[in-house]
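Dropping entry13.txt in here (compact mmCIF, C-alpha atoms):
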# COMPACT_ATOMS: atom_id res chain seq x y z
CA MET A 692 135.17 90.88 99.94
CA ALA A 693 134.86 94.67 99.96
CA VAL A 694 133.39 97.30 102.26
CA ILE A 695 131.14 99.76 100.43
CA VAL A 696 128.72 102.57 101.22
CA VAL A 697 125.86 103.43 98.88
CA GLY A 698 123.90 106.54 99.76
CA VAL A 699 122.44 109.98 99.24
CA SER A 700 122.90 113.09 101.38
CA HIS A 701 122.20 116.80 101.56
CA HIS A 702 125.20 117.37 99.27
CA GLY A 703 123.40 116.03 96.20
CA ALA A 704 119.80 115.21 97.07
CA PRO A 705 117.09 117.82 97.70
CA LEU A 706 114.81 117.55 100.71
CA GLU A 707 111.92 116.01 98.77
CA VAL A 708 114.23 113.15 97.70
CA ARG A 709 115.81 112.63 101.13
CA GLU A 710 112.47 112.42 102.91
CA ARG A 711 111.27 109.69 100.55
CA LEU A 712 114.42 107.66 101.19
CA THR A 713 114.26 107.63 104.99
CA PHE A 714 113.94 104.29 106.76
CA SER A 715 112.15 103.87 110.07
CA PRO A 716 113.79 101.65 112.73
CA ARG A 717 111.30 98.85 112.06
CA GLU A 718 112.28 98.74 108.35
CA ILE A 719 116.03 98.38 108.80
CA VAL A 720 116.41 94.65 109.43
CA ALA A 721 114.03 93.85 106.55
CA VAL A 722 116.07 96.05 104.19
CA LEU A 723 119.31 94.30 105.16
CA ASP A 724 117.67 90.88 104.90
CA ARG A 725 116.59 91.69 101.36
CA LEU A 726 120.11 92.66 100.32
CA SER A 727 121.52 89.55 101.96
CA SER A 728 118.95 87.27 100.33
CA ASP A 729 120.00 88.61 96.93
CA GLY A 730 123.34 86.95 97.65
CA ASP A 731 125.39 90.12 97.26
CA THR A 732 126.14 91.02 100.89
CA THR A 733 127.23 89.33 104.11
CA GLU A 734 126.80 92.28 106.49
CA GLY A 735 124.93 95.58 106.52
CA VAL A 736 124.15 98.74 108.50
CA VAL A 737 121.57 101.39 107.55
CA LEU A 738 122.23 105.01 108.56
CA SER A 739 119.11 107.13 108.01
CA THR A 740 119.02 110.70 109.37
CA CYS A 741 117.50 114.01 108.36
CA ASN A 742 120.37 114.70 105.98
CA ARG A 743 121.40 111.29 104.67
CA THR A 744 120.42 107.70 103.93
CA GLU A 745 123.40 105.37 103.59
CA LEU A 746 123.76 101.60 103.27
CA TYR A 747 127.06 100.27 104.62
CA LEU A 748 127.62 96.79 103.20
CA VAL A 749 130.19 94.00 103.03
CA GLU A 750 130.10 92.50 99.55
CA ARG A 751 130.51 88.85 98.72
CA GLU A 752 132.29 88.31 95.40
CA GLN A 753 130.23 90.62 93.19
CA ASP A 754 129.28 94.28 93.17
CA ALA A 755 126.47 94.92 95.66
CA SER A 756 125.87 98.53 94.63
CA ALA A 757 123.42 97.57 91.87
CA ALA A 758 121.14 95.76 94.34
CA ALA A 759 121.40 98.66 96.79
CA TRP A 760 120.48 101.23 94.13
CA ALA A 761 117.59 99.05 92.98
CA LEU A 762 116.23 98.99 96.53
CA LEU A 763 116.62 102.76 97.01
CA SER A 764 115.17 103.52 93.58
CA GLU A 765 112.14 101.38 94.36
CA LYS A 766 111.57 103.36 97.55
CA LEU A 767 112.09 106.69 95.78
CA GLY A 768 110.00 105.82 92.73
CA GLY A 769 112.80 106.96 90.45
CA ASP A 770 116.54 106.60 89.84
CA ALA A 771 118.12 107.16 93.26
CA SER A 772 121.64 106.79 91.88
CA ALA A 773 121.23 110.13 90.11
CA TYR A 774 121.46 111.80 93.53
CA GLY A 775 123.98 109.58 95.26
CA TYR A 776 127.44 108.12 95.57
CA VAL A 777 129.33 104.88 96.16
CA ARG A 778 132.51 104.64 98.26
CA ARG A 779 134.65 101.51 98.58
CA ASP A 780 137.16 100.10 101.02
CA ARG A 781 139.36 102.85 102.51
CA GLU A 782 137.20 105.59 101.00
CA ALA A 783 134.11 104.02 102.59
CA ALA A 784 135.81 103.92 105.99
CA ALA A 785 137.05 107.51 105.66
CA HIS A 786 133.57 108.65 104.64
CA LEU A 787 131.94 107.13 107.73
CA PHE A 788 134.66 108.56 109.98
CA ARG A 789 133.98 112.04 108.56
CA VAL A 790 130.25 111.56 109.05
CA ALA A 791 130.69 110.48 112.68
CA SER A 792 132.98 113.46 113.29
CA GLY A 793 130.41 115.98 112.04
CA MET A 794 132.60 116.94 109.08
CA ASP A 795 130.07 115.86 106.46
CA SER A 796 127.06 117.41 108.20
CA MET A 797 125.06 120.35 106.92
CA VAL A 798 125.99 122.01 110.21
CA VAL A 799 129.73 121.27 110.31
CA GLY A 800 130.88 120.14 113.75
CA GLU A 801 127.39 119.36 115.10
CA ALA A 802 127.44 116.68 117.79
CA GLN A 803 124.10 114.94 117.19
CA ILE A 804 125.39 112.84 114.30
CA HIS A 805 127.72 110.92 116.62
CA GLY A 806 124.74 109.54 118.52
CA GLN A 807 122.84 108.90 115.29
CA VAL A 808 125.74 106.79 113.96
CA ARG A 809 125.77 104.83 117.22
CA ASP A 810 122.01 104.29 117.09
CA ALA A 811 122.14 103.18 113.44
CA TRP A 812 124.76 100.57 114.30
CA GLU A 813 122.76 99.33 117.28
CA MET A 814 119.56 99.01 115.24
CA SER A 815 121.43 97.11 112.51
CA ARG A 816 123.37 94.83 114.88
CA PRO A 817 121.30 91.74 114.03
CA ARG A 818 122.70 91.99 110.48
CA SER A 819 126.16 93.46 111.03
CA GLY A 820 129.22 91.30 111.63
CA ALA A 821 132.90 91.49 112.49
CA VAL A 822 133.89 93.86 109.66
CA LEU A 823 131.12 96.46 110.14
CA ASN A 824 131.10 96.16 113.92
CA ARG A 825 134.78 97.10 113.93
CA LEU A 826 134.13 99.84 111.34
CA PHE A 827 131.44 101.53 113.43
CA GLN A 828 133.40 101.15 116.66
CA SER A 829 136.32 102.85 114.91
CA ALA A 830 134.03 105.59 113.55
CA LEU A 831 132.72 106.41 117.03
CA LEU A 832 136.27 106.44 118.39
CA THR A 833 137.35 108.75 115.56
CA GLY A 834 134.44 111.11 116.15
CA GLY A 835 135.37 111.32 119.81
CA ARG A 836 138.99 112.08 118.97
CA VAL A 837 138.05 114.82 116.50
CA ARG A 838 135.88 116.54 119.09
CA SER A 839 138.43 116.27 121.89
CA GLU A 840 141.63 116.96 119.90
CA THR A 841 140.40 119.75 117.59
CA GLU A 842 138.21 122.84 117.86
CA LEU A 843 135.88 121.63 115.11
CA GLY A 844 132.89 121.13 117.40
CA HIS A 845 133.52 124.00 119.82
CA GLY A 846 130.67 126.47 119.63
CA ALA A 847 129.19 124.70 116.63
CA LEU A 848 125.60 125.34 115.68
CA SER A 849 123.04 122.60 116.05
CA VAL A 850 120.13 122.19 113.66
CA GLY A 851 117.95 123.72 116.38
CA SER A 852 120.15 126.77 116.92
CA ALA A 853 120.46 127.32 113.16
CA ALA A 854 116.66 127.22 112.93
CA VAL A 855 116.42 129.81 115.70
CA GLN A 856 118.60 132.14 113.65
CA LEU A 857 116.03 131.90 110.88
CA ALA A 858 113.30 132.85 113.37
CA ARG A 859 115.28 135.97 114.27
CA LYS A 860 114.78 137.17 110.70
CA ILE A 861 111.08 137.45 111.45
CA PHE A 862 111.06 138.72 115.03
CA GLY A 863 114.47 140.29 115.51
CA THR A 864 114.55 138.79 119.01
CA LEU A 865 112.72 135.87 120.57
CA ALA A 866 112.71 137.43 124.03
CA GLY A 867 109.17 137.41 125.42
CA ARG A 868 107.78 135.29 122.57
CA ARG A 869 105.68 132.14 122.92
CA ALA A 870 106.65 128.87 121.26
CA MET A 871 105.18 125.42 120.74
CA VAL A 872 107.22 122.29 120.04
CA LEU A 873 105.66 119.29 118.27
CA GLY A 874 107.61 116.17 119.19
CA ALA A 875 109.58 114.99 122.21
CA GLY A 876 112.66 113.33 120.70
CA GLU A 877 116.30 114.41 120.75
CA MET A 878 115.98 117.04 118.01
CA ALA A 879 112.82 118.46 119.59
CA GLU A 880 114.61 118.73 122.93
CA LEU A 881 117.58 120.51 121.36
CA ALA A 882 115.24 122.94 119.61
CA LEU A 883 113.35 123.62 122.83
CA ALA A 884 116.59 124.30 124.68
CA CYS A 885 117.66 126.73 121.94
CA VAL A 886 114.47 128.81 121.98
CA LEU A 887 114.50 129.02 125.77
CA GLU A 888 118.11 130.24 125.68
CA GLU A 889 116.93 132.98 123.32
CA GLY A 890 114.50 134.26 125.95
CA VAL A 891 111.22 132.65 124.87
CA GLN A 892 108.82 133.44 127.68
CA ALA A 893 106.51 130.42 127.50
CA ALA A 894 106.72 127.10 125.72
CA ILE A 895 104.33 124.24 125.04
CA VAL A 896 105.41 120.68 124.28
CA ALA A 897 102.93 118.46 122.45
CA ASN A 898 103.45 114.82 121.56
CA ARG A 899 101.32 111.81 120.66
CA THR A 900 102.67 110.09 123.77
CA PHE A 901 101.68 112.55 126.50
CA GLU A 902 104.03 111.02 129.09
CA ARG A 903 107.06 111.86 126.94
CA ALA A 904 105.79 115.41 126.50
CA GLN A 905 105.47 115.69 130.29
CA VAL A 906 109.02 114.51 130.91
CA LEU A 907 110.45 117.00 128.40
CA ALA A 908 108.26 119.87 129.61
CA GLU A 909 109.20 119.32 133.24
CA ARG A 910 112.89 119.22 132.36
CA TYR A 911 112.73 122.69 130.77
CA GLY A 912 109.95 124.37 132.70
CA ALA A 913 107.50 124.20 129.80
CA VAL A 914 103.86 123.12 129.65
CA ALA A 915 102.91 119.68 128.33
CA ALA A 916 99.87 119.30 126.10
CA HIS A 917 98.00 116.35 124.66
CA TYR A 918 98.58 116.16 120.91
CA GLU A 919 94.95 116.75 119.88
CA ASP A 920 94.49 119.53 122.44
CA ALA A 921 97.49 121.53 121.22
CA TRP A 922 96.13 122.79 117.90
CA PRO A 923 94.02 125.68 119.31
CA GLU A 924 97.26 127.07 120.83
CA LEU A 925 98.49 127.88 117.34
CA ALA A 926 96.39 131.04 117.57
CA ASN A 927 98.49 132.22 120.51
CA VAL A 928 102.10 131.18 119.83
CA ASP A 929 104.63 133.08 117.72
CA LEU A 930 106.86 130.15 116.87
CA LEU A 931 106.04 126.54 115.98
CA LEU A 932 108.91 124.02 115.99
CA CYS A 933 108.14 120.66 114.38
CA SER A 934 110.29 117.58 114.92
CA THR A 935 108.17 114.43 115.10
CA ALA A 936 108.78 110.96 113.72
CA SER A 937 105.58 111.00 111.68
CA PRO A 938 105.92 109.36 108.24
CA HIS A 939 103.73 112.07 106.68
CA ALA A 940 102.83 115.74 107.15
CA ILE A 941 100.75 116.43 110.27
CA VAL A 942 100.52 120.23 109.99
CA ASP A 943 98.25 120.95 107.06
CA VAL A 944 96.90 124.10 105.47
CA GLU A 945 93.50 123.88 107.16
CA ARG A 946 94.97 123.73 110.67
CA ILE A 947 97.18 126.76 110.04
CA ARG A 948 94.49 128.71 108.18
CA ALA A 949 92.17 128.27 111.18
CA ALA A 950 94.87 129.56 113.52
CA VAL A 951 95.79 132.50 111.26
CA SER A 952 92.18 133.70 111.16
CA LYS A 953 92.39 134.28 114.93
CA ARG A 954 95.84 135.90 115.04
CA GLY A 955 95.15 139.29 113.53
CA ASP A 956 98.31 140.67 111.94
CA ARG A 957 100.76 138.73 114.11
CA PRO A 958 103.19 136.65 112.04
CA LEU A 959 103.61 132.93 112.66
CA CYS A 960 107.05 131.42 112.13
CA ILE A 961 107.13 127.64 111.53
CA LEU A 962 110.44 125.78 111.70
CA ASP A 963 110.13 122.26 110.28
CA ILE A 964 113.28 120.29 111.16
CA ALA A 965 111.72 116.86 110.69
CA LEU A 966 112.40 114.34 107.94
CA PRO A 967 110.05 113.38 106.45
CA ARG A 968 108.65 116.89 106.77
CA ASP A 969 105.94 117.54 109.35
CA VAL A 970 104.47 120.54 107.54
CA ASP A 971 102.70 120.64 104.20
CA PRO A 972 104.79 122.97 101.97
CA ALA A 973 101.55 124.68 100.84
CA VAL A 974 101.37 126.27 104.31
CA ALA A 975 104.02 128.75 103.16
CA GLU A 976 101.47 130.32 100.77
CA LEU A 977 99.30 131.60 103.64
CA ASP A 978 99.56 135.28 104.55
CA ASN A 979 101.75 136.15 107.52
CA VAL A 980 103.07 132.58 107.78
CA TYR A 981 106.83 132.02 107.40
CA LEU A 982 107.80 128.38 106.87
CA TYR A 983 111.39 127.16 106.94
CA ASP A 984 112.60 123.58 106.42
CA LEU A 985 115.97 121.80 106.60
CA ASP A 986 117.16 123.03 103.20
CA ASP A 987 116.53 126.61 104.29
CA LEU A 988 119.28 126.17 106.89
CA ARG A 989 121.99 126.18 104.23
CA GLY A 990 122.42 129.93 104.20
CA VAL A 991 122.67 130.06 107.98
CA VAL A 992 125.26 127.31 108.25
CA SER A 993 127.56 128.46 105.43
CA ALA A 994 129.20 131.06 107.69
CA ASN A 995 129.48 128.45 110.43
CA ARG A 996 131.29 126.15 107.97
CA ASP A 997 133.70 128.87 106.89
CA ARG A 998 134.75 129.55 110.51
CA ARG A 999 135.65 125.87 110.92
CA GLN A 1000 137.72 125.42 107.78
CA LYS A 1001 140.96 125.94 109.71
CA GLU A 1002 140.20 122.90 111.88
CA LEU A 1003 139.68 120.52 108.97
CA PRO A 1004 143.37 119.59 108.34
CA ALA A 1005 143.82 118.45 111.94
CA ALA A 1006 140.59 116.46 111.77
CA GLU A 1007 141.59 114.89 108.45
CA SER A 1008 144.91 113.83 109.97
CA ILE A 1009 143.09 111.96 112.75
CA ILE A 1010 140.79 110.32 110.22
CA ALA A 1011 143.71 109.19 108.03
CA GLU A 1012 145.40 107.63 111.07
CA GLU A 1013 142.27 105.77 112.14
CA VAL A 1014 141.49 104.59 108.59
CA GLU A 1015 144.99 103.11 108.36
CA THR A 1016 144.54 101.31 111.68
CA TYR A 1017 141.16 99.95 110.68
CA TRP A 1018 142.25 98.87 107.21
CA GLN A 1019 145.28 97.02 108.50
CA TRP A 1020 142.90 95.06 110.72
CA VAL A 1021 140.61 94.30 107.77
CA ALA A 1022 143.54 93.25 105.62
CA GLY A 1023 144.76 90.89 108.31
CA LEU A 1024 141.28 89.48 108.71
CA ALA A 1025 141.11 88.69 105.00
CA ALA A 1026 144.74 87.78 104.32
CA VAL A 1027 145.57 85.50 107.24
CA PRO A 1028 143.14 82.69 106.28
CA VAL A 1029 144.39 82.79 102.70
CA VAL A 1030 148.04 82.73 103.80
CA THR A 1031 147.25 79.81 106.10
CA GLN A 1032 145.42 77.97 103.34
CA LEU A 1033 148.28 78.63 100.90
CA ARG A 1034 150.89 77.27 103.30
CA GLU A 1035 148.81 74.19 104.09
CA GLU A 1036 148.29 73.46 100.41
CA MET A 1037 151.97 73.92 99.55
CA HIS A 1038 153.05 71.67 102.44
CA ARG A 1039 150.66 68.97 101.20
CA VAL A 1040 152.28 69.24 97.76
CA ARG A 1041 155.74 69.02 99.36
CA GLU A 1042 154.85 65.94 101.38
CA ARG A 1043 153.40 64.25 98.32
CA GLU A 1044 156.41 64.99 96.11
CA VAL A 1045 159.01 64.13 98.76
CA ALA A 1046 157.24 60.84 99.44
CA ALA A 1047 157.28 60.03 95.72
CA ALA A 1048 161.00 60.87 95.50
CA LEU A 1049 161.87 58.74 98.52
CA GLN A 1050 159.92 55.85 97.04
CA LYS A 1051 162.31 55.91 94.09
CA LEU A 1052 165.42 56.33 96.29
CA ARG A 1053 165.04 53.11 98.28
CA GLU A 1054 168.76 52.78 99.10
CA LEU A 1055 168.95 55.96 101.19
CA THR A 1056 169.96 55.72 104.83
CA PRO A 1057 167.65 57.23 107.50
CA ALA A 1058 170.03 60.19 107.80
CA GLN A 1059 169.92 60.78 104.06
CA ARG A 1060 166.13 60.54 104.04
CA ASP A 1061 166.05 63.22 106.76
CA VAL A 1062 168.21 65.48 104.60
CA VAL A 1063 165.79 65.11 101.66
CA GLU A 1064 162.78 65.83 103.87
CA GLN A 1065 164.51 68.84 105.44
CA LEU A 1066 165.42 70.14 101.98
CA GLY A 1067 161.74 69.93 100.97
CA ARG A 1068 160.63 71.82 104.08
CA SER A 1069 163.32 74.46 103.69
CA LEU A 1070 162.57 75.12 100.04
CA THR A 1071 158.84 75.31 100.68
CA ASN A 1072 159.27 77.77 103.53
CA LYS A 1073 161.58 79.96 101.46
CA PHE A 1074 159.21 79.94 98.49
CA LEU A 1075 156.26 80.81 100.73
CA HIS A 1076 157.90 83.54 102.81
CA GLU A 1077 157.82 86.37 100.28
CA PRO A 1078 154.28 85.65 98.97
CA SER A 1079 153.01 85.48 102.57
CA VAL A 1080 154.57 88.84 103.47
CA ARG A 1081 153.40 90.49 100.28
CA LEU A 1082 149.86 89.13 100.62
CA ARG A 1083 149.48 90.77 104.02
CA ALA A 1084 151.05 94.01 102.84
CA ALA A 1085 149.20 94.23 99.51
CA ALA A 1086 145.82 93.71 101.15
CA ALA A 1087 146.42 96.83 103.27
CA ASN A 1088 148.11 99.11 100.77
CA GLY A 1089 145.01 100.90 99.47
CA ARG A 1090 144.29 98.66 96.49
CA GLY A 1091 141.48 96.91 98.33
CA LEU A 1092 141.19 93.21 99.04
CA GLY A 1093 141.13 92.01 95.44
CA VAL A 1094 144.73 90.82 95.74
CA VAL A 1095 143.62 88.24 98.29
CA ASP A 1096 141.08 86.82 95.86
CA ALA A 1097 143.71 86.90 93.11
CA ALA A 1098 146.07 84.83 95.25
CA ARG A 1099 143.31 82.35 95.97
CA TYR A 1100 142.72 82.00 92.24
CA LEU A 1101 146.39 81.89 91.16
CA PHE A 1102 147.34 79.18 93.65
CA GLY A 1103 144.16 77.17 93.05
CA LEU A 1104 143.01 77.44 96.65
CA ASP A 1105 139.36 77.10 95.60
CA ALA A 1106 140.06 73.97 93.61
CA GLY A 1107 139.19 71.72 96.51
CA VAL A 1108 135.80 73.36 96.90
CA GLU A 1109 135.16 73.21 93.17
CA ALA A 1110 136.23 69.57 93.02
CA THR A 1111 133.88 68.76 95.87
CA ASN A 1112 131.04 70.52 94.12
CA GLU A 1113 131.78 68.74 90.82
CA SER A 1114 132.03 65.41 92.62
CA GLY A 1115 128.71 65.99 94.31
CA LYS A 1116 127.14 67.02 91.03
CA ALA A 1117 128.50 63.92 89.27
CA GLU A 1118 127.22 61.71 92.06
CA GLN A 1119 123.77 63.29 91.77
CA ASP A 1120 123.82 62.80 88.00
CA THR A 1121 124.77 59.14 88.47
CA THR A 1122 121.98 58.65 90.97
CA LYS A 1123 119.49 60.25 88.60
CA GLY A 1124 120.73 57.99 85.80
CA LYS A 1125 120.21 54.88 87.89
CA SER A 1126 116.72 55.90 88.90
CA THR A 1127 115.61 56.32 85.31
CA THR A 1128 116.89 52.99 83.92
Represent the structure of the file as structure tokens.
Amino acid sequence: MAVIVVGVSHHGAPLEVRERLTFSPREIVAVLDRLSSDGDTTEGVVLSTCNRTELYLVEREQDASAAAWALLSEKLGGDASAYGYVRRDREAAAHLFRVASGMDSMVVGEAQIHGQVRDAWEMSRPRSGAVLNRLFQSALLTGGRVRSETELGHGALSVGSAAVQLARKIFGTLAGRRAMVLGAGEMAELALACVLEEGVQAAIVANRTFERAQVLAERYGAVAAHYEDAWPELANVDLLLCSTASPHAIVDVERIRAAVSKRGDRPLCILDIALPRDVDPAVAELDNVYLYDLDDLRGVVSANRDRRQKELPAAESIIAEEVETYWQWVAGLAAVPVVTQLREEMHRVREREVAAALQKLRELTPAQRDVVEQLGRSLTNKFLHEPSVRLRAAAANGRGLGVVDAARYLFGLDAGVEATNESGKAEQDTTKGKSTT
């Protein structure tokens, strides 16, 4: 058994790759079922956000990364492993803890990822189990500790606020400007809050579900619009923020060209913070239209990352502590059944050998027989003590859980299962032989 993560992120995969590898909530259970049916995994969680797609898996006895890469490559239509990474055991746990703490985000210290990790776990719960449930609980705990015990998240940019900084390049200030937000989810709400803080005078919220647009608009003093009725407003707004859950682009060249023809010389800034992207990249070729997407945020957030470098050692210390706690739990989970099985098997051997010896020593008195039996128990316990202690320790010492499987092999603890299988096979063969004579 091993815990692994197979994934791609903004560190190595461009936007056009990441958007093709996103999974919608309704796809997650099917993805995990497929990996489980291949026989390689026992548990799984899918984390799919605007900056990463990661598969957290518990392997059976063979490497599950090949099946995971095959699935991702099929979705991408190319070799996904060229853009990604695999982490195992402690490194996998540490990676998730950094993700949940905002340390691996494009915007270092951003808080939204904590909720996204929680949501990913909840959506995958039908296919997660004891090992991953504990892993994600620990990740959320770690993220909370990093935010409360360090300054990493204090004053951190969000994706929305970073996007607003890009808009300032066009307008200098957003005070008195008009904005429209497409979408009514968490990221859309954060973006709306950011533009209003910058002094945007009027805002429109449009969404396919009008009731959700109404709730968000009322919360921030904006105007709600039906999705199909919102497009004419593009002629009047200065800023368009896009953050829907659409699987394909909804803002195309024709819609924007029609709006631009009515705007005169006024520039239109479009901030696309959705993944997959909401806006056709060809829109950027239109005159007086300035389109920015998630990868354009890199320049804005680099300074934000530099200011937070001093907080990283303290955060890493918390992560190391929580990884150790988690991995000791995993090691115990894996080692205890093997230790128990080893002791049971050795005591069966002792009982068998002592009984055989006593059969030969018929003249012994009851007291003498007790001494022989006690000697057998004492020797067995002494022989088993050190291996039992070392099994528990070795499973948690950073070398993974392979030592547990090695002990199972060395002491023949699978022999009973194999013998049963062989016996069943022989019985089937005999039955087949009888039926054919």
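With distances restricted to only C-alpha atoms, A:Val694 is the closest residue to Arg825 in chain A from A:Ile804, A:Ala1047, A:Val694, A:Leu1066.
Considering all atoms listed in the file, the residue among A:Pro716, A:Gly806, A:Gly844, A:Gly1023 positioned nearest to Ala791 in chain A is A:Gly806.
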Test item: residues at most 9 Å from Leu1104 in chain A, only C-alpha atoms, excluding those fewer than 4 positions along its chain, as a ChimeraX atom specification
/A:1029,1032-1033,1036,1098-1100,1108
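Restricting the calculation to only C-alpha atoms, the smallest distance between Leu746 in chain A and any of A:Ala721, A:Val699, A:Ile961, A:Arg789 is found for A:Val699.
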Between CA of Gln1050 in chain A and CA of Leu1101 in chain A, distance in Å (one decimal)
29.9 Å
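Each of A:Leu932, A:Val974, A:Val808, A:Ala693 was compared to Glu752 in chain A using only C-alpha atoms, and A:Ala693 turns out to be the nearest.
Distance annotation: of A:Met878, A:Ala853, A:Cys885, A:Val1063, the residue with the minimal separation from Leu966 in chain A is A:Met878; atom set is all atoms listed in the file.
With distances restricted to all atoms listed in the file, A:Ile1010 is the closest residue to Ala830 in chain A from A:Ala771, A:Leu925, A:Ile1010, A:Leu748.
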With all atoms listed in the file as the counted atoms, please give the residues lying no more than 8 Å from Val736 in chain A, apart from itself and same-chain residues fewer than 4 positions off, as a VMD selection string.
chain A and resid 723 746 to 748 811 to 812 815 to 816 818 to 819 823
Export, as a CSV table (one decimal), keeping the file's coordinate frame, the selected residues with C-alpha atoms.
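Writing done, so here's again11.csv:
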chain,number,residue,atom,x,y,z
A,723,LEU,CA,119.3,94.3,105.2
A,746,LEU,CA,123.8,101.6,103.3
A,747,TYR,CA,127.1,100.3,104.6
A,748,LEU,CA,127.6,96.8,103.2
A,811,ALA,CA,122.1,103.2,113.4
A,812,TRP,CA,124.8,100.6,114.3
A,815,SER,CA,121.4,97.1,112.5
A,816,ARG,CA,123.4,94.8,114.9
A,818,ARG,CA,122.7,92.0,110.5
A,819,SER,CA,126.2,93.5,111.0
A,823,LEU,CA,131.1,96.5,110.1
Write out as a tab-separated table a residue-level contact list of range 926-949 of chain A versus range 892-907 of chain A with cut-off 12 Å: for each qualifying residue the closest pair of atoms and the distance in Å to one decimal, counting all atoms listed in the file, rows sorted by chain and residue number upward.
residue	atom	partner	partner_atom	distance
A:Asn927	CA	A:Ala893	CA	10.8
A:Val928	CA	A:Ala894	CA	8.5
A:Asp929	CA	A:Ala894	CA	10.2
A:Leu930	CA	A:Ala894	CA	9.4
A:Leu931	CA	A:Ile895	CA	9.5
A:Leu932	CA	A:Val896	CA	9.6
A:Cys933	CA	A:Ala897	CA	9.9
A:Ser934	CA	A:Asn898	CA	9.9
A:Thr935	CA	A:Asn898	CA	8.0
A:Ala936	CA	A:Arg899	CA	10.2
A:Ser937	CA	A:Arg899	CA	10.0
A:Ile941	CA	A:Arg899	CA	11.4
Nearby residues (all atoms listed in the file) at most 7 Å from Arg1083 in chain A, same-chain spacing under 4 positions excluded, as JSON, numbers by chain
{"A": [1022, 1023, 1026, 1079, 1087]}
Range 946-957 of chain A: axis-aligned bounding box, 6 Å on each side, centre and edge lengths in Å, one decimal, as JSON:
{"center_x": 96.5, "center_y": 132.2, "center_z": 111.6, "size_x": 20.6, "size_y": 28.9, "size_z": 18.9}
As an exercise, work out the distance from CA of Arg711 in chain A to CA of Leu763 in chain A in Å and give it to one decimal place.
9.4 Å
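Within the 12 Å cut-off around Ala975 in chain A, using all atoms listed in the file and omitting residues fewer than 3 positions from it on the same chain, the listed residues are Val942, Asp943, Val944, Ile947, Arg948, Pro958, Leu959, Cys960, Ile961, Leu962, Asp963, Val970, Asp971, Pro972, Asp978, Asn979, Val980, Tyr981, Leu982, Tyr983 and Asp984 of chain A.
Pairwise distance (CA of Ser772 in chain A, CA of Gly698 in chain A) equals 8.2 Å.
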So that I can see what lies close to Leu826 in chain A, please list as a ChimeraX atom specification the residues with an atom at most 8 Å from it, counting all atoms listed in the file and leaving out residues fewer than 4 positions away in the same chain.
/A:784,822,830,1017
Reconstruct range 1019-1031 of chain A at the level of N, CA and C atoms, and format the result as a compact mmCIF listing (two decimals), in the frame of the given file.
# COMPACT_ATOMS: atom_id res chain seq x y z
N GLN A 1019 144.31 98.06 108.20
CA GLN A 1019 145.28 97.02 108.50
C GLN A 1019 144.61 95.83 109.18
N TRP A 1020 143.64 96.14 110.06
CA TRP A 1020 142.90 95.06 110.72
C TRP A 1020 142.09 94.27 109.70
N VAL A 1021 141.40 94.98 108.79
CA VAL A 1021 140.61 94.30 107.77
C VAL A 1021 141.50 93.43 106.89
N ALA A 1022 142.64 93.99 106.49
CA ALA A 1022 143.54 93.25 105.62
C ALA A 1022 144.01 91.98 106.30
N GLY A 1023 144.34 92.08 107.57
CA GLY A 1023 144.76 90.89 108.31
C GLY A 1023 143.65 89.88 108.39
N LEU A 1024 142.43 90.37 108.61
CA LEU A 1024 141.28 89.48 108.71
C LEU A 1024 141.09 88.69 107.43
N ALA A 1025 141.32 89.34 106.30
CA ALA A 1025 141.11 88.69 105.00
C ALA A 1025 142.33 87.88 104.56
N ALA A 1026 143.53 88.40 104.86
CA ALA A 1026 144.74 87.78 104.32
C ALA A 1026 145.19 86.56 105.10
N VAL A 1027 145.04 86.60 106.42
CA VAL A 1027 145.57 85.50 107.24
C VAL A 1027 144.99 84.15 106.86
N PRO A 1028 143.66 84.00 106.68
CA PRO A 1028 143.14 82.69 106.28
C PRO A 1028 143.69 82.22 104.93
N VAL A 1029 143.87 83.17 104.01
CA VAL A 1029 144.39 82.79 102.70
C VAL A 1029 145.85 82.37 102.81
N VAL A 1030 146.64 83.11 103.59
CA VAL A 1030 148.04 82.73 103.80
C VAL A 1030 148.12 81.34 104.44
N THR A 1031 147.27 81.12 105.44
CA THR A 1031 147.25 79.81 106.10
C THR A 1031 146.88 78.71 105.13
